[in-house]
Number of protein chains: 2
Amino acid sequence: MTHSAISFEQKLASFSDHWAPKIIAQMNDYHFKLVKLQGDFVWHSHQETDEVFIVLSGEMRIAFRDGQADRQAR
Amino acid sequence: MTHSAISFEQKLASFSDHWAPKIIAQMNDYHFKLVKLQGDFVWHSHQETDEVFIVLSGEMRIAFRDGQADRQAR
């Protein structure tokens with residue numbers, strides 16, 4: 001078995017479409033996905049699970065019924 | 001309920017000790033931890049779970065019995 005780390009930069013350079021998550025890693029039964037966002041996405045909810053978003057570059061806003069969360073990265 | 005995003009920069013600025021992971025978020029029954037590394041850590045294994053490491057800054061090497069994985073970030 002060979003071991004190698006995953007490069008976000010390399011993976012991000014390999015696609016340009018928006019709102020099309022790519023699975024780049026798995027931990028136990030969880031997926032890690034890379035996605036490029038632009039503009040708005042349809043408002044939705046996940047009743048059975050949490051989701052985590054890490055902003056690597058740019059800005060992201062998540063709107064809730066009772067507030068919002070903003071994050072930006074260089 | 002108020003919503004706010006977590007700033008890695010702000011959390012990282014709040015401590016300076018090494019090899020002392022800080023839990024900064026939870027998703028379902030998983031913890032997200034920030035840690036500052038310097039030098040080597042004792043070699044160990046986790047039989048019951050995977051672990052994921054994301055390198056935010058600097059370099060990291062994980063050694064396996066049959067290889068190694070290196071990652072670096074700006």
# chains A, B, ... in the order shown; residues from 1 in each chain; ligands from 1
>>> select_by_dssp(residues="chain A", states="strand (DSSP E)", output="count of residues only")
25
>>> calpha_fit_and_write(fixed="chain B", moving="chain A", output="CSV table (one decimal) with N, CA, C and O atoms, in the first residue's frame")
chain,number,residue,atom,x,y,z
A,1,MET,N,-31.5,31.2,19.0
A,1,MET,CA,-30.2,30.6,18.7
A,1,MET,C,-29.5,31.6,17.7
A,1,MET,O,-30.0,32.0,16.7
A,2,THR,N,-28.2,31.9,18.1
A,2,THR,CA,-27.4,32.7,17.2
A,2,THR,C,-26.5,31.7,16.4
A,2,THR,O,-26.1,30.7,16.9
A,3,HIS,N,-26.1,32.2,15.2
A,3,HIS,CA,-25.3,31.4,14.4
A,3,HIS,C,-24.0,32.1,14.1
A,3,HIS,O,-24.0,33.3,13.8
A,4,SER,N,-22.9,31.5,14.2
A,4,SER,CA,-21.6,32.1,13.8
A,4,SER,C,-20.6,31.1,13.3
A,4,SER,O,-20.6,30.0,13.7
A,5,ALA,N,-19.8,31.5,12.4
A,5,ALA,CA,-18.8,30.7,11.8
A,5,ALA,C,-17.6,30.7,12.7
A,5,ALA,O,-17.3,31.7,13.4
A,6,ILE,N,-16.8,29.7,12.7
A,6,ILE,CA,-15.5,29.6,13.5
A,6,ILE,C,-14.4,30.1,12.6
A,6,ILE,O,-14.2,29.7,11.5
A,7,SER,N,-13.6,31.0,13.2
A,7,SER,CA,-12.4,31.5,12.5
A,7,SER,C,-11.1,30.7,13.0
A,7,SER,O,-10.8,30.7,14.2
A,8,PHE,N,-10.5,30.0,12.1
A,8,PHE,CA,-9.3,29.3,12.4
A,8,PHE,C,-8.2,30.2,12.9
A,8,PHE,O,-7.5,30.0,13.9
A,9,GLU,N,-8.1,31.4,12.2
A,9,GLU,CA,-7.1,32.4,12.6
A,9,GLU,C,-7.3,32.8,14.0
A,9,GLU,O,-6.3,32.9,14.8
A,10,GLN,N,-8.5,33.1,14.4
A,10,GLN,CA,-8.8,33.6,15.8
A,10,GLN,C,-8.5,32.5,16.8
A,10,GLN,O,-7.9,32.7,17.8
A,11,LYS,N,-8.9,31.3,16.5
A,11,LYS,CA,-8.7,30.2,17.4
A,11,LYS,C,-7.2,29.9,17.5
A,11,LYS,O,-6.7,29.6,18.6
A,12,LEU,N,-6.5,29.9,16.4
A,12,LEU,CA,-5.0,29.6,16.4
A,12,LEU,C,-4.3,30.7,17.2
A,12,LEU,O,-3.2,30.3,17.9
A,13,ALA,N,-4.8,31.9,17.2
A,13,ALA,CA,-4.1,33.0,17.9
A,13,ALA,C,-4.3,32.9,19.4
A,13,ALA,O,-3.6,33.5,20.2
A,14,SER,N,-5.3,32.0,19.8
A,14,SER,CA,-5.6,32.0,21.3
A,14,SER,C,-4.8,31.0,22.1
A,14,SER,O,-5.0,30.8,23.3
A,15,PHE,N,-3.9,30.2,21.4
A,15,PHE,CA,-3.0,29.3,22.2
A,15,PHE,C,-1.7,29.2,21.5
A,15,PHE,O,-1.6,29.4,20.3
A,16,SER,N,-0.7,28.7,22.2
A,16,SER,CA,0.6,28.6,21.6
A,16,SER,C,1.3,27.3,22.0
A,16,SER,O,2.4,27.0,21.5
A,17,ASP,N,0.7,26.4,22.8
A,17,ASP,CA,1.3,25.2,23.1
A,17,ASP,C,1.2,24.2,22.0
A,17,ASP,O,0.3,24.2,21.2
A,18,HIS,N,2.1,23.2,22.0
A,18,HIS,CA,2.2,22.2,20.9
A,18,HIS,C,1.6,20.9,21.4
A,18,HIS,O,1.7,20.6,22.6
A,19,TRP,N,1.1,20.1,20.4
A,19,TRP,CA,0.6,18.8,20.7
A,19,TRP,C,-0.5,18.8,21.8
A,19,TRP,O,-0.6,17.9,22.6
A,20,ALA,N,-1.3,19.9,21.8
A,20,ALA,CA,-2.4,20.0,22.7
A,20,ALA,C,-3.7,20.3,21.9
A,20,ALA,O,-4.0,21.5,21.8
A,21,PRO,N,-4.3,19.4,21.3
A,21,PRO,CA,-5.5,19.6,20.5
A,21,PRO,C,-6.6,20.3,21.2
A,21,PRO,O,-6.9,20.0,22.4
A,22,LYS,N,-7.2,21.3,20.6
A,22,LYS,CA,-8.4,22.0,21.1
A,22,LYS,C,-9.6,21.7,20.3
A,22,LYS,O,-9.6,21.9,19.0
A,23,ILE,N,-10.6,21.3,20.9
A,23,ILE,CA,-11.9,21.0,20.2
A,23,ILE,C,-12.6,22.3,19.8
A,23,ILE,O,-12.9,23.1,20.7
A,24,ILE,N,-12.8,22.5,18.6
A,24,ILE,CA,-13.4,23.8,18.1
A,24,ILE,C,-14.8,23.6,17.5
A,24,ILE,O,-15.5,24.6,17.3
A,25,ALA,N,-15.1,22.4,17.2
A,25,ALA,CA,-16.5,22.1,16.6
A,25,ALA,C,-16.8,20.7,16.7
A,25,ALA,O,-15.9,19.8,17.0
A,26,GLN,N,-18.1,20.4,16.6
A,26,GLN,CA,-18.5,19.0,16.6
A,26,GLN,C,-19.5,18.8,15.5
A,26,GLN,O,-20.4,19.6,15.2
A,27,MET,N,-19.4,17.6,14.8
A,27,MET,CA,-20.4,17.3,13.8
A,27,MET,C,-20.9,15.9,14.1
A,27,MET,O,-20.1,14.9,14.1
A,28,ASN,N,-22.2,15.8,14.4
A,28,ASN,CA,-22.7,14.5,14.9
A,28,ASN,C,-21.8,14.0,16.0
A,28,ASN,O,-21.7,14.8,17.0
A,29,ASP,N,-21.2,12.8,16.0
A,29,ASP,CA,-20.4,12.4,17.1
A,29,ASP,C,-18.9,12.5,16.8
A,29,ASP,O,-18.1,11.8,17.4
A,30,TYR,N,-18.5,13.4,15.9
A,30,TYR,CA,-17.1,13.7,15.6
A,30,TYR,C,-16.7,15.0,16.1
A,30,TYR,O,-17.4,16.0,16.0
A,31,HIS,N,-15.5,15.1,16.6
A,31,HIS,CA,-14.9,16.4,17.0
A,31,HIS,C,-14.0,16.9,15.9
A,31,HIS,O,-13.2,16.2,15.3
A,32,PHE,N,-13.9,18.2,15.8
A,32,PHE,CA,-12.9,18.9,15.0
A,32,PHE,C,-12.0,19.6,16.0
A,32,PHE,O,-12.4,20.4,16.9
A,33,LYS,N,-10.7,19.4,15.8
A,33,LYS,CA,-9.7,19.9,16.7
A,33,LYS,C,-8.6,20.7,16.0
A,33,LYS,O,-8.3,20.3,14.9
A,34,LEU,N,-8.2,21.7,16.6
A,34,LEU,CA,-7.0,22.5,16.1
A,34,LEU,C,-5.8,22.1,17.0
A,34,LEU,O,-5.9,22.0,18.2
A,35,VAL,N,-4.7,21.9,16.3
A,35,VAL,CA,-3.5,21.6,17.1
A,35,VAL,C,-2.3,22.2,16.4
A,35,VAL,O,-2.2,22.4,15.2
A,36,LYS,N,-1.3,22.6,17.2
A,36,LYS,CA,0.0,23.1,16.7
A,36,LYS,C,1.0,22.0,16.9
A,36,LYS,O,1.2,21.5,18.0
A,37,LEU,N,1.7,21.7,15.8
A,37,LEU,CA,2.7,20.6,15.9
A,37,LEU,C,4.1,21.2,15.8
A,37,LEU,O,4.3,22.2,15.1
A,38,GLN,N,5.0,20.6,16.5
A,38,GLN,CA,6.5,20.9,16.3
A,38,GLN,C,7.3,19.7,16.7
A,38,GLN,O,7.1,19.1,17.8
A,39,GLY,N,8.1,19.3,15.8
A,39,GLY,CA,8.9,18.1,16.0
A,39,GLY,C,8.1,16.8,15.9
A,39,GLY,O,7.1,16.8,15.2
A,40,ASP,N,8.6,15.8,16.5
A,40,ASP,CA,8.0,14.5,16.4
A,40,ASP,C,7.0,14.2,17.5
A,40,ASP,O,7.0,14.7,18.6
A,41,PHE,N,6.0,13.3,17.1
A,41,PHE,CA,5.1,12.8,18.1
A,41,PHE,C,5.3,11.3,18.2
A,41,PHE,O,5.7,10.6,17.3
A,42,VAL,N,4.9,10.7,19.3
A,42,VAL,CA,5.1,9.2,19.5
A,42,VAL,C,4.2,8.5,18.5
A,42,VAL,O,3.1,8.8,18.3
A,43,TRP,N,4.8,7.5,17.9
A,43,TRP,CA,4.2,6.7,16.9
A,43,TRP,C,3.1,5.9,17.5
A,43,TRP,O,3.3,5.2,18.6
A,44,HIS,N,1.9,5.9,16.9
A,44,HIS,CA,0.8,5.2,17.5
A,44,HIS,C,-0.2,4.8,16.4
A,44,HIS,O,-0.1,5.2,15.3
A,45,SER,N,-1.3,4.1,16.8
A,45,SER,CA,-2.3,3.7,15.8
A,45,SER,C,-3.7,3.8,16.5
A,45,SER,O,-3.8,3.8,17.7
A,46,HIS,N,-4.7,3.9,15.6
A,46,HIS,CA,-6.1,3.9,16.1
A,46,HIS,C,-6.8,2.8,15.4
A,46,HIS,O,-7.0,2.8,14.2
A,47,GLN,N,-7.1,1.7,16.1
A,47,GLN,CA,-7.6,0.5,15.5
A,47,GLN,C,-9.1,0.7,15.1
A,47,GLN,O,-9.6,0.1,14.2
A,48,GLU,N,-9.8,1.5,15.9
A,48,GLU,CA,-11.3,1.6,15.7
A,48,GLU,C,-11.8,2.7,14.8
A,48,GLU,O,-13.0,2.8,14.6
A,49,THR,N,-10.9,3.6,14.4
A,49,THR,CA,-11.4,4.7,13.6
A,49,THR,C,-10.3,5.3,12.7
A,49,THR,O,-9.1,5.1,12.9
A,50,ASP,N,-10.8,6.0,11.7
A,50,ASP,CA,-9.9,6.8,10.9
A,50,ASP,C,-9.7,8.1,11.5
A,50,ASP,O,-10.5,8.6,12.4
A,51,GLU,N,-8.6,8.8,11.1
A,51,GLU,CA,-8.4,10.2,11.5
A,51,GLU,C,-8.1,10.9,10.3
A,51,GLU,O,-7.4,10.4,9.4
A,52,VAL,N,-8.5,12.2,10.2
A,52,VAL,CA,-8.2,13.0,9.1
A,52,VAL,C,-7.4,14.2,9.6
A,52,VAL,O,-7.7,14.8,10.6
A,53,PHE,N,-6.3,14.6,8.9
A,53,PHE,CA,-5.5,15.8,9.2
A,53,PHE,C,-5.6,16.7,8.0
A,53,PHE,O,-5.3,16.3,6.9
A,54,ILE,N,-5.8,18.0,8.3
A,54,ILE,CA,-5.8,19.0,7.3
A,54,ILE,C,-4.7,20.0,7.7
A,54,ILE,O,-4.8,20.6,8.8
A,55,VAL,N,-3.7,20.2,6.8
A,55,VAL,CA,-2.6,21.1,7.1
A,55,VAL,C,-3.0,22.5,6.7
A,55,VAL,O,-3.2,22.7,5.5
A,56,LEU,N,-3.1,23.4,7.7
A,56,LEU,CA,-3.4,24.8,7.4
A,56,LEU,C,-2.2,25.6,7.1
A,56,LEU,O,-2.3,26.6,6.3
A,57,SER,N,-1.1,25.3,7.7
A,57,SER,CA,0.1,26.0,7.5
A,57,SER,C,1.3,25.2,7.9
A,57,SER,O,1.2,24.4,8.9
A,58,GLY,N,2.4,25.3,7.2
A,58,GLY,CA,3.6,24.5,7.5
A,58,GLY,C,3.6,23.2,6.9
A,58,GLY,O,3.0,22.9,5.8
A,59,GLU,N,4.4,22.2,7.5
A,59,GLU,CA,4.6,20.9,6.9
A,59,GLU,C,4.2,19.8,7.9
A,59,GLU,O,4.4,20.0,9.1
A,60,MET,N,3.7,18.7,7.4
A,60,MET,CA,3.4,17.6,8.2
A,60,MET,C,3.8,16.3,7.5
A,60,MET,O,3.5,16.2,6.3
A,61,ARG,N,4.4,15.4,8.2
A,61,ARG,CA,4.7,14.1,7.7
A,61,ARG,C,4.1,13.0,8.6
A,61,ARG,O,4.3,13.1,9.8
A,62,ILE,N,3.3,12.1,8.0
A,62,ILE,CA,2.8,10.9,8.8
A,62,ILE,C,3.5,9.7,8.3
A,62,ILE,O,3.5,9.4,7.1
A,63,ALA,N,4.2,9.0,9.2
A,63,ALA,CA,5.0,7.8,8.8
A,63,ALA,C,4.1,6.6,9.1
A,63,ALA,O,3.5,6.5,10.1
A,64,PHE,N,4.1,5.7,8.1
A,64,PHE,CA,3.5,4.4,8.3
A,64,PHE,C,4.6,3.3,8.3
A,64,PHE,O,5.7,3.5,7.9
A,65,ARG,N,4.1,2.1,8.6
A,65,ARG,CA,5.1,1.0,8.5
A,65,ARG,C,5.7,0.8,7.1
A,65,ARG,O,6.8,0.4,7.0
A,66,ASP,N,4.9,1.1,6.1
A,66,ASP,CA,5.3,0.8,4.7
A,66,ASP,C,5.3,2.1,3.9
A,66,ASP,O,5.1,2.0,2.7
A,67,GLY,N,5.5,3.2,4.5
A,67,GLY,CA,5.6,4.4,3.7
A,67,GLY,C,5.4,5.7,4.5
A,67,GLY,O,5.4,5.6,5.7
A,68,GLN,N,5.1,6.8,3.8
A,68,GLN,CA,4.9,8.0,4.5
A,68,GLN,C,4.0,8.9,3.6
A,68,GLN,O,3.9,8.7,2.4
A,69,ALA,N,3.4,9.9,4.2
A,69,ALA,CA,2.6,10.9,3.5
A,69,ALA,C,3.0,12.2,4.0
A,69,ALA,O,3.1,12.5,5.2
A,70,ASP,N,3.3,13.1,3.1
A,70,ASP,CA,3.7,14.5,3.4
A,70,ASP,C,2.7,15.5,2.8
A,70,ASP,O,2.2,15.3,1.8
A,71,ARG,N,2.5,16.6,3.6
A,71,ARG,CA,1.7,17.6,3.2
A,71,ARG,C,2.2,19.0,3.6
A,71,ARG,O,2.8,19.0,4.7
A,72,GLN,N,2.1,20.0,2.8
A,72,GLN,CA,2.5,21.3,3.2
A,72,GLN,C,1.5,22.3,2.8
A,72,GLN,O,0.8,22.1,1.8
A,73,ALA,N,1.4,23.4,3.5
A,73,ALA,CA,0.5,24.5,3.1
A,73,ALA,C,1.2,25.8,3.4
A,73,ALA,O,2.1,25.9,4.2
A,74,ARG,N,0.8,26.8,2.7
A,74,ARG,CA,1.4,28.1,2.8
A,74,ARG,C,1.1,28.7,4.2
A,74,ARG,O,0.1,28.3,4.8
>>> select_by_dssp(residues="chain B", states="alpha helix (DSSP H)", output="PyMOL selection string")
chain B and resi 8-12
